[in-house]
Structures are given as C-alpha cells and as structure tokens.
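Data file: protein_39.cif. Format and content: mmCIF, C-alpha atoms.
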```cif
data_my_file
#
loop_
_atom_site.group_PDB
_atom_site.id
_atom_site.type_symbol
_atom_site.label_atom_id
_atom_site.label_comp_id
_atom_site.auth_asym_id
_atom_site.auth_seq_id
_atom_site.Cartn_x
_atom_site.Cartn_y
_atom_site.Cartn_z
ATOM 1 C CA MET A 1 241.405 -32.338 86.193
ATOM 2 C CA ILE A 2 243.638 -30.222 88.403
ATOM 3 C CA LEU A 3 241.258 -27.305 87.892
ATOM 4 C CA CYS A 4 238.290 -29.471 88.899
ATOM 5 C CA TYR A 5 240.138 -30.649 91.997
ATOM 6 C CA THR A 6 241.033 -27.077 92.934
ATOM 7 C CA LEU A 7 237.468 -25.886 92.458
ATOM 8 C CA SER A 8 236.022 -28.773 94.440
ATOM 9 C CA THR A 9 238.473 -28.137 97.274
ATOM 10 C CA ALA A 10 237.576 -24.444 97.304
ATOM 11 C CA VAL A 11 233.869 -25.277 97.395
ATOM 12 C CA PHE A 12 234.442 -27.707 100.268
ATOM 13 C CA VAL A 13 236.423 -25.201 102.296
ATOM 14 C CA THR A 14 233.902 -22.440 101.649
ATOM 15 C CA ARG A 15 231.025 -24.702 102.634
ATOM 16 C CA ALA A 16 232.805 -25.986 105.734
ATOM 17 C CA GLN A 17 233.632 -22.516 106.953
ATOM 18 C CA THR A 18 229.991 -21.426 106.963
ATOM 19 C CA ASN A 19 228.174 -20.991 110.246
ATOM 20 C CA GLY A 20 226.439 -23.979 111.697
ATOM 21 C CA TRP A 21 226.088 -26.769 114.219
ATOM 22 C CA SER A 22 228.421 -29.369 115.644
ATOM 23 C CA VAL A 23 227.881 -32.414 117.856
ATOM 24 C CA HIS A 24 230.443 -33.347 120.510
ATOM 25 C CA PHE A 25 231.125 -36.539 122.438
ATOM 26 C CA GLU A 26 232.901 -36.070 125.753
ATOM 27 C CA LYS A 27 234.906 -37.921 128.397
ATOM 28 C CA THR A 28 234.936 -36.175 131.779
ATOM 29 C CA GLN A 29 237.427 -36.095 134.650
ATOM 30 C CA PRO A 30 235.973 -34.578 137.868
ATOM 31 C CA LEU A 31 238.161 -32.180 139.855
ATOM 32 C CA GLY A 32 238.307 -30.689 143.355
ATOM 33 C CA SER A 33 235.500 -31.265 145.822
ATOM 34 C CA PHE A 34 233.334 -32.810 143.099
ATOM 35 C CA ALA A 35 235.826 -35.693 142.870
ATOM 36 C CA LYS A 36 236.528 -36.127 146.595
ATOM 37 C CA SER A 37 234.883 -39.211 148.048
ATOM 38 C CA GLY A 38 235.210 -39.114 151.806
ATOM 39 C CA SER A 39 231.839 -39.963 153.330
ATOM 40 C CA LEU A 40 229.179 -38.938 150.855
ATOM 41 C CA LEU A 41 225.659 -39.668 152.126
ATOM 42 C CA VAL A 42 227.105 -40.765 155.472
ATOM 43 C CA ASP A 43 228.246 -37.512 157.087
ATOM 44 C CA ASN A 44 226.341 -34.265 156.566
ATOM 45 C CA TYR A 45 227.939 -31.006 155.417
ATOM 46 C CA ILE A 46 231.204 -32.557 154.210
ATOM 47 C CA GLY A 47 231.050 -30.802 150.825
ATOM 48 C CA GLU A 48 232.358 -33.740 148.799
ATOM 49 C CA GLY A 49 230.756 -35.087 145.642
ATOM 50 C CA GLY A 50 232.380 -38.491 145.216
ATOM 51 C CA ALA A 51 231.998 -38.294 141.415
ATOM 52 C CA ALA A 52 233.807 -40.766 139.160
ATOM 53 C CA LYS A 53 234.915 -40.302 135.555
ATOM 54 C CA GLY A 54 231.955 -39.847 133.247
ATOM 55 C CA ILE A 55 230.712 -39.253 129.742
ATOM 56 C CA GLY A 56 228.780 -36.516 128.001
ATOM 57 C CA MET A 57 227.310 -35.216 124.806
ATOM 58 C CA GLY A 58 226.908 -31.646 123.619
ATOM 59 C CA VAL A 59 225.825 -29.437 120.761
ATOM 60 C CA LYS A 60 227.351 -26.151 119.640
ATOM 61 C CA TYR A 61 226.218 -23.436 117.270
ATOM 62 C CA GLN A 62 228.677 -20.872 115.866
ATOM 63 C CA HIS A 63 227.931 -17.677 113.971
ATOM 64 C CA SER A 64 230.588 -15.439 112.411
ATOM 65 C CA LEU A 65 230.749 -11.784 113.277
ATOM 66 C CA SER A 66 230.064 -9.530 110.295
ATOM 67 C CA ILE A 67 232.751 -6.961 111.180
ATOM 68 C CA PRO A 68 235.748 -7.427 108.796
ATOM 69 C CA ALA A 69 238.349 -7.079 111.550
ATOM 70 C CA THR A 70 236.779 -9.932 113.522
ATOM 71 C CA LYS A 71 236.545 -12.640 110.856
ATOM 72 C CA LYS A 72 238.403 -15.125 113.038
ATOM 73 C CA PHE A 73 235.867 -14.689 115.847
ATOM 74 C CA LYS A 74 232.508 -16.428 116.092
ATOM 75 C CA LEU A 75 229.686 -16.138 118.561
ATOM 76 C CA MET A 76 229.170 -19.500 120.231
ATOM 77 C CA PHE A 77 226.224 -21.161 121.956
ATOM 78 C CA THR A 78 226.587 -24.557 123.647
ATOM 79 C CA ALA A 79 224.507 -27.057 125.608
ATOM 80 C CA ASP A 80 225.791 -30.285 127.176
ATOM 81 C CA ILE A 81 224.479 -33.138 129.255
ATOM 82 C CA LEU A 82 227.182 -34.683 131.456
ATOM 83 C CA TYR A 83 226.804 -37.944 133.370
ATOM 84 C CA ASN A 84 228.961 -38.987 136.332
ATOM 85 C CA ASP A 85 228.553 -42.077 138.447
ATOM 86 C CA LEU A 86 229.909 -42.320 142.000
ATOM 87 C CA THR A 87 233.400 -43.617 142.763
ATOM 88 C CA LYS A 88 233.786 -47.302 143.581
ATOM 89 C CA ASP A 89 234.602 -46.524 147.241
ATOM 90 C CA ILE A 90 231.339 -44.650 147.708
ATOM 91 C CA LYS A 91 229.299 -47.252 145.826
ATOM 92 C CA ASP A 92 230.785 -50.025 147.955
ATOM 93 C CA LEU A 93 229.975 -48.040 151.100
ATOM 94 C CA ILE A 94 226.371 -47.505 150.031
ATOM 95 C CA GLU A 95 225.838 -51.088 148.876
ATOM 96 C CA ARG A 96 227.175 -52.674 152.064
ATOM 97 C CA ASN A 97 224.469 -54.226 154.224
ATOM 98 C CA ASP A 98 226.279 -54.238 157.557
ATOM 99 C CA ASN A 99 223.077 -53.207 159.293
ATOM 100 C CA PRO A 100 220.198 -55.507 158.250
ATOM 101 C CA LEU A 101 217.735 -53.072 159.831
ATOM 102 C CA ASN A 102 218.776 -50.079 157.731
ATOM 103 C CA TYR A 103 220.023 -50.474 154.147
ATOM 104 C CA PHE A 104 219.773 -49.034 150.629
ATOM 105 C CA GLN A 105 217.532 -50.909 148.225
ATOM 106 C CA THR A 106 218.345 -49.361 144.843
ATOM 107 C CA GLU A 107 221.437 -48.407 142.868
ATOM 108 C CA PRO A 108 223.565 -45.512 144.197
ATOM 109 C CA PRO A 109 222.691 -42.092 142.743
ATOM 110 C CA SER A 110 224.329 -40.494 139.713
ATOM 111 C CA TYR A 111 225.009 -36.874 138.757
ATOM 112 C CA PHE A 112 223.555 -35.153 135.715
ATOM 113 C CA ASN A 113 224.914 -31.697 134.878
ATOM 114 C CA ILE A 114 223.426 -29.623 132.055
ATOM 115 C CA PRO A 115 225.534 -26.495 131.361
ATOM 116 C CA ILE A 116 224.203 -23.961 128.847
ATOM 117 C CA THR A 117 226.647 -21.239 127.807
ATOM 118 C CA ALA A 118 227.221 -18.417 125.348
ATOM 119 C CA GLY A 119 230.631 -17.111 124.365
ATOM 120 C CA VAL A 120 233.256 -16.562 121.677
ATOM 121 C CA ASN A 121 235.308 -18.939 119.549
ATOM 122 C CA VAL A 122 238.492 -17.846 117.767
ATOM 123 C CA ASN A 123 240.494 -19.933 115.284
ATOM 124 C CA LEU A 124 243.901 -19.607 113.658
ATOM 125 C CA GLY A 125 245.031 -21.470 110.520
ATOM 126 C CA LEU A 126 248.073 -23.739 110.896
ATOM 127 C CA LEU A 127 248.477 -25.865 107.745
ATOM 128 C CA GLY A 128 245.482 -24.878 105.682
ATOM 129 C CA PHE A 129 243.407 -27.904 106.595
ATOM 130 C CA ILE A 130 244.287 -27.712 110.333
ATOM 131 C CA LYS A 131 243.104 -24.915 112.590
ATOM 132 C CA LEU A 132 243.927 -24.135 116.181
ATOM 133 C CA TYR A 133 240.947 -22.822 118.106
ATOM 134 C CA GLY A 134 240.231 -21.406 121.525
ATOM 135 C CA GLU A 135 236.922 -20.578 123.165
ATOM 136 C CA VAL A 136 235.370 -19.175 126.291
ATOM 137 C CA GLY A 137 231.756 -19.320 127.427
ATOM 138 C CA LEU A 138 229.591 -18.143 130.339
ATOM 139 C CA GLY A 139 226.184 -19.380 131.395
ATOM 140 C CA VAL A 140 224.258 -21.498 133.879
ATOM 141 C CA ASN A 141 224.483 -25.124 134.979
ATOM 142 C CA PHE A 142 221.532 -27.251 136.034
ATOM 143 C CA ARG A 143 222.443 -30.143 138.351
ATOM 144 C CA MET A 144 220.244 -33.160 139.027
ATOM 145 C CA VAL A 145 220.926 -36.267 141.122
ATOM 146 C CA SER A 146 218.997 -39.518 140.727
ATOM 147 C CA ASP A 147 216.883 -40.837 143.621
ATOM 148 C CA MET A 148 217.636 -43.675 146.017
ATOM 149 C CA GLU A 149 215.448 -45.957 148.085
ATOM 150 C CA LYS A 150 216.252 -46.930 151.662
ATOM 151 C CA VAL A 151 214.669 -49.746 153.653
ATOM 152 C CA PHE A 152 214.059 -49.590 157.403
ATOM 153 C CA VAL A 153 213.205 -52.781 159.283
ATOM 154 C CA LEU A 154 211.358 -52.693 162.613
ATOM 155 C CA ASN A 155 212.479 -55.713 164.559
ATOM 156 C CA ARG A 156 209.972 -56.446 167.287
ATOM 157 C CA GLY A 157 211.235 -59.941 167.884
ATOM 158 C CA GLN A 158 212.881 -62.866 166.149
ATOM 159 C CA LEU A 159 209.768 -63.642 164.112
ATOM 160 C CA ASP A 160 208.179 -60.188 164.018
ATOM 161 C CA GLU A 161 209.744 -57.793 161.518
ATOM 162 C CA THR A 162 208.102 -55.034 159.500
ATOM 163 C CA ALA A 163 209.944 -53.363 156.622
ATOM 164 C CA PHE A 164 209.261 -49.796 155.497
ATOM 165 C CA SER A 165 210.899 -48.024 152.596
ATOM 166 C CA GLY A 166 211.643 -44.371 152.034
ATOM 167 C CA LYS A 167 212.766 -42.581 148.900
ATOM 168 C CA ILE A 168 215.781 -40.303 149.229
ATOM 169 C CA LYS A 169 215.145 -37.488 146.786
ATOM 170 C CA PHE A 170 217.869 -34.967 145.955
ATOM 171 C CA ASP A 171 216.996 -31.376 145.133
ATOM 172 C CA ASP A 172 217.810 -29.908 141.739
ATOM 173 C CA SER A 173 220.086 -26.883 141.721
ATOM 174 C CA ARG A 174 221.496 -24.289 139.340
ATOM 175 C CA ALA A 175 224.639 -22.187 139.467
ATOM 176 C CA PHE A 176 226.784 -19.851 137.395
ATOM 177 C CA ALA A 177 229.043 -21.734 134.970
ATOM 178 C CA PHE A 178 231.951 -20.957 132.692
ATOM 179 C CA ARG A 179 234.065 -22.958 130.287
ATOM 180 C CA LEU A 180 237.471 -22.626 128.605
ATOM 181 C CA GLY A 181 238.647 -24.753 125.714
ATOM 182 C CA VAL A 182 241.433 -25.276 123.170
ATOM 183 C CA GLY A 183 241.772 -27.754 120.348
ATOM 184 C CA LEU A 184 242.425 -28.576 116.720
ATOM 185 C CA CYS A 185 239.947 -28.707 113.851
ATOM 186 C CA PHE A 186 240.725 -30.825 110.777
ATOM 187 C CA PHE A 187 239.253 -30.014 107.341
ATOM 188 C CA ASN A 188 236.667 -27.871 109.160
ATOM 189 C CA SER A 189 234.737 -31.055 109.902
ATOM 190 C CA LEU A 190 236.397 -32.954 112.759
ATOM 191 C CA SER A 191 237.665 -31.385 115.988
ATOM 192 C CA VAL A 192 239.520 -32.679 119.039
ATOM 193 C CA GLY A 193 239.759 -30.497 122.116
ATOM 194 C CA VAL A 194 240.347 -30.194 125.843
ATOM 195 C CA ASN A 195 237.944 -28.138 127.945
ATOM 196 C CA TYR A 196 237.778 -26.965 131.525
ATOM 197 C CA TYR A 197 234.265 -26.629 132.934
ATOM 198 C CA ASN A 198 233.570 -24.835 136.190
ATOM 199 C CA LEU A 199 229.896 -25.412 136.892
ATOM 200 C CA GLY A 200 229.614 -23.370 140.065
ATOM 201 C CA LYS A 201 229.224 -24.194 143.727
ATOM 202 C CA SER A 202 225.879 -25.179 145.197
ATOM 203 C CA GLU A 203 224.560 -27.072 148.189
ATOM 204 C CA LEU A 204 223.648 -30.731 147.738
ATOM 205 C CA THR A 205 220.365 -31.066 149.614
ATOM 206 C CA GLY A 206 217.581 -33.599 149.726
ATOM 207 C CA SER A 207 214.902 -35.256 151.809
ATOM 208 C CA LEU A 208 213.616 -38.655 152.826
ATOM 209 C CA ARG A 209 210.090 -39.141 151.576
ATOM 210 C CA SER A 210 207.982 -42.071 152.677
ATOM 211 C CA ILE A 211 206.542 -44.605 150.272
ATOM 212 C CA ASP A 212 204.866 -47.996 150.623
ATOM 213 C CA GLY A 213 203.198 -47.227 153.937
ATOM 214 C CA ALA A 214 206.321 -45.936 155.677
ATOM 215 C CA ASN A 215 204.652 -42.884 157.235
ATOM 216 C CA ILE A 216 204.646 -44.249 160.771
ATOM 217 C CA LEU A 217 208.350 -44.967 160.724
ATOM 218 C CA ILE A 218 209.383 -41.839 158.844
ATOM 219 C CA GLU A 219 207.558 -39.591 161.293
ATOM 220 C CA SER A 220 209.465 -41.209 164.148
ATOM 221 C CA LEU A 221 212.894 -40.486 162.654
ATOM 222 C CA GLU A 222 215.032 -37.530 163.596
ATOM 223 C CA ARG A 223 214.566 -34.450 161.431
ATOM 224 C CA GLU A 224 218.082 -34.774 160.061
ATOM 225 C CA TYR A 225 217.001 -37.923 158.261
ATOM 226 C CA LYS A 226 213.984 -36.237 156.717
ATOM 227 C CA GLU A 227 215.857 -33.241 155.312
ATOM 228 C CA PHE A 228 219.602 -33.262 154.852
ATOM 229 C CA SER A 229 222.492 -31.350 153.317
ATOM 230 C CA ASN A 230 225.799 -32.683 152.123
ATOM 231 C CA GLY A 231 227.269 -29.186 152.111
ATOM 232 C CA LYS A 232 228.307 -27.008 149.183
ATOM 233 C CA ILE A 233 230.043 -28.804 146.346
ATOM 234 C CA GLY A 234 232.077 -27.036 143.683
ATOM 235 C CA THR A 235 231.473 -28.847 140.394
ATOM 236 C CA SER A 236 234.436 -28.677 138.045
ATOM 237 C CA MET A 237 235.973 -31.066 135.514
ATOM 238 C CA PHE A 238 238.199 -31.515 132.493
ATOM 239 C CA LEU A 239 236.601 -32.746 129.272
ATOM 240 C CA LEU A 240 238.226 -34.464 126.328
ATOM 241 C CA THR A 241 235.944 -33.821 123.356
ATOM 242 C CA VAL A 242 235.595 -35.091 119.808
ATOM 243 C CA GLY A 243 233.270 -33.097 117.566
ATOM 244 C CA TRP A 244 231.698 -33.437 114.143
ATOM 245 C CA HIS A 245 230.877 -30.150 112.364
ATOM 246 C CA PHE A 246 228.204 -29.850 109.695
#
```

Take the structure in this file and express it as structure tokens.
Amino acid sequence: MILCYTLSTAVFVTRAQTNGWSVHFEKTQPLGSFAKSGSLLVDNYIGEGGAAKGIGMGVKYQHSLSIPATKKFKLMFTADILYNDLTKDIKDLIERNDNPLNYFQTEPPSYFNIPITAGVNVNLGLLGFIKLYGEVGLGVNFRMVSDMEKVFVLNRGQLDETAFSGKIKFDDSRAFAFRLGVGLCFFNSLSVGVNYYNLGKSELTGSLRSIDGANILIESLEREYKEFSNGKIGTSMFLLTVGWHF
C-alpha cells in the first residue's frame, strides 16, 4: 500500500511538472496617474485616469528549457484581459445633471487593458509540495475605453426645446508593457501570487461623433468638443492572482 501511494505520488508530481497551461483570476489595484481622479473628462490634458479597483482573467503557457543547467527556468507566454471601472468621485461627477442643457445619457466609460507578454519563470522548491516562483515578462498592452453618449438640448424658449445626442468615442491605443511577479505554487496545481504590471504610457484621446440627427448642433460646437485629449496616462497596477495549473 505504501509502495502504491509512493508511486501514485511520483506519477502526480511528474505529471504536474510537465509543461502546460494555467488559468488565472485577478484582482487589480491601479497605481499612479491611472488611479488619480482629478477631473477626468472635464479638463483636457490632465493625464489622470480615474480608474477604480478592478478584476481580470488571464492565461499562461510555460515550457521548460531543454538545457540541463536551466531546469528551474521556463519560457512563459501570457495574455490577460483587465477591467477597471471609474472611481466613485468621477462617476458621480459624470452622472450629475447640474446643466439640463448638456448631460451624459449613458453609463460612465470603463477601461479594458489586454497585455500580451513573453518572458521567463523560475521556481525553487520549499517543502516538496510548495514552490516559490518568480517571473518577468515583456510585451505590448492594448487599451480600450467604452463609449459614452452625451445629450445637448437647444432651448429656444420655454416650450421649444430640441435634444440632440452625440457619442463620445475613445480611441484604442497600444504601448510597451512589462510585468514582474512572485508567488507560491502548491502541489504544482494551485498558485497564489502578486504581480506588478506596467502597461506603458499613452495618450487618452477621443472624439464626439453625432448620432440621431445631431449634425447641425455638432458642427456648431468648438473643435475641442469634437476631438479631445485627456493627456498621457501611465497605466500601472498591482494584481493579486489565483491560478489553476493543468
């Protein structure tokens, strides 16, 4: 019986240490200018993202190096999708209708970051079934921001109002990205880690595009309302991750 247990344990460890995929669930904490929430969408060129805590999901593939001296090292490829809403202060500011002639119609926008990286993972055994690992990766991040809709009301008199709507569309961007991570892996199947993601610095730009017959009004607006920039935002965050390896 002891022999069977030993053999089954050896088979499990051998199988678990083979190359393969893992799925990770993530909790994000924005940092730096990405987290600052001064006057997003109110003042141009402020360079603040106003991002709140978010969630994410990622996949990772690891492949051992064949060189004997590098058995603890694995090539690593990762892809994540990270979602961040806006902070409550910014959402409250956007959702206020102080001016009945100029207000937002839809939900405030949200951030979607998709970093894709390649790098190296190294692990060290601690208690046989627990391993300490570290990793570093370099790649590119793709940032997208969801659209908004804004309503403009032409008030020609107490009983004569015409409403036009315009869609605020944010431009997609991409930037150099890198990631650093440390964590523990249990039984080669479950991992818990902390990661730092720096997803580069890029300008948050967009434009106001007319819909629902708003052309007349949109053409009469100042150019700054048709095309705008919120300045360059450095996107960085900490991630707490839980992964399942198979």

With 6 Å as the threshold, what does the neighbourhood of (223.7, -18.1, 130.4) contain in terms of residues, counting all atoms listed in the file? Coordinates are those of the file; answer as number ranges by chain.
A: 117, 138-140

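The coordinates place atom CA of A:Val122 at 11.9 Å from atom CA of A:Leu180.
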
Can you build me a table of stretch 59-114 of chain A residues sitting at most 10 Å from stretch 25-37 of chain A, with the closest atom pair per residue and its distance in Å to one decimal, using only C-alpha atoms, sorted by chain and residue number, as JSON lines?
```
{"residue": "A:Val59", "atom": "CA", "partner": "A:Phe25", "partner_atom": "CA", "distance": 9.0}
{"residue": "A:Asp80", "atom": "CA", "partner": "A:Glu26", "partner_atom": "CA", "distance": 9.3}
{"residue": "A:Ile81", "atom": "CA", "partner": "A:Glu26", "partner_atom": "CA", "distance": 9.6}
{"residue": "A:Leu82", "atom": "CA", "partner": "A:Thr28", "partner_atom": "CA", "distance": 7.9}
{"residue": "A:Tyr83", "atom": "CA", "partner": "A:Thr28", "partner_atom": "CA", "distance": 8.5}
{"residue": "A:Asn84", "atom": "CA", "partner": "A:Thr28", "partner_atom": "CA", "distance": 8.0}
{"residue": "A:Leu86", "atom": "CA", "partner": "A:Ser37", "partner_atom": "CA", "distance": 8.4}
{"residue": "A:Thr87", "atom": "CA", "partner": "A:Ser37", "partner_atom": "CA", "distance": 7.0}
{"residue": "A:Lys88", "atom": "CA", "partner": "A:Ser37", "partner_atom": "CA", "distance": 9.3}
{"residue": "A:Asp89", "atom": "CA", "partner": "A:Ser37", "partner_atom": "CA", "distance": 7.4}
{"residue": "A:Ile90", "atom": "CA", "partner": "A:Ser37", "partner_atom": "CA", "distance": 6.5}
```

Residues just named, written with C-alpha atoms as a tab-separated table (two decimals), keeping the file's coordinate frame:
```
chain	number	residue	atom	x	y	z
A	59	VAL	CA	225.82	-29.44	120.76
A	80	ASP	CA	225.79	-30.28	127.18
A	81	ILE	CA	224.48	-33.14	129.26
A	82	LEU	CA	227.18	-34.68	131.46
A	83	TYR	CA	226.80	-37.94	133.37
A	84	ASN	CA	228.96	-38.99	136.33
A	86	LEU	CA	229.91	-42.32	142.00
A	87	THR	CA	233.40	-43.62	142.76
A	88	LYS	CA	233.79	-47.30	143.58
A	89	ASP	CA	234.60	-46.52	147.24
A	90	ILE	CA	231.34	-44.65	147.71
```

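From atom CA of A:Tyr111 back to atom CA of A:Gly134, the distance works out to 27.7 Å.
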
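Minimum distance to A:Thr235 across A:Ile116, A:Met57, A:Leu75, A:Leu204 (counting only C-alpha atoms) occurs at A:Leu204.
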
Between A:Ser22, A:Ser165, A:Ser173, A:Ser189, smallest distance to A:Asn141 by only C-alpha atoms belongs to A:Ser173

Between atom CA of A:Glu48 and atom CA of A:Val145, distance in Å (one decimal):
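Going from atom CA of A:Glu48 over to atom CA of A:Val145, I get 14.0 Å.
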
List the neighbours of A:Ser146 out to 10 Å using all atoms listed in the file; skip same-chain residues closer than 4 positions along the sequence, and give me the result as a PyMOL selection string.
chain A and resi 107-112+168-172

Could you tell me, as a PyMOL selection string, exactly which residues end up selected when the PyMOL selection byres ((chain A and resi 196) around 12) is applied to this structure?
chain A and resi 26-31+134-137+177-183+193-195+197-199+235-241

Convert the output of the PyMOL selection byres ((chain A and resi 21) around 9) on the shown file into explicit residues, formatted as a ChimeraX atom specification.
/A:19-20,22-23,59-62,244-246

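Distances from A:Leu208, A:Gly166, A:Asn121, A:Ser229 to A:Tyr133 were compared using only C-alpha atoms, and the smallest one belongs to A:Asn121.
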
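The shortest atom-to-atom distance to A:Met76, with all atoms listed in the file taken into account, belongs to A:Ala118 out of A:Ile130, A:Ala118, A:Ile233, A:Val192.
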
If you take every atom of stretch 27-34 of chain A that the file lists and fit an axis-aligned box around them with 4 Å extra on each side, what centre and edge lengths come out in Å to one decimal, as AutoDock Vina command-line options?
```
--center_x 235.8 --center_y -34.3 --center_z 137.1 --size_x 13.0 --size_y 15.2 --size_z 25.4
```

With distances taken over all atoms listed in the file, which of A:Gly56, A:Glu149, A:Cys185, A:Leu65 is nearest to A:Val120?
A:Leu65
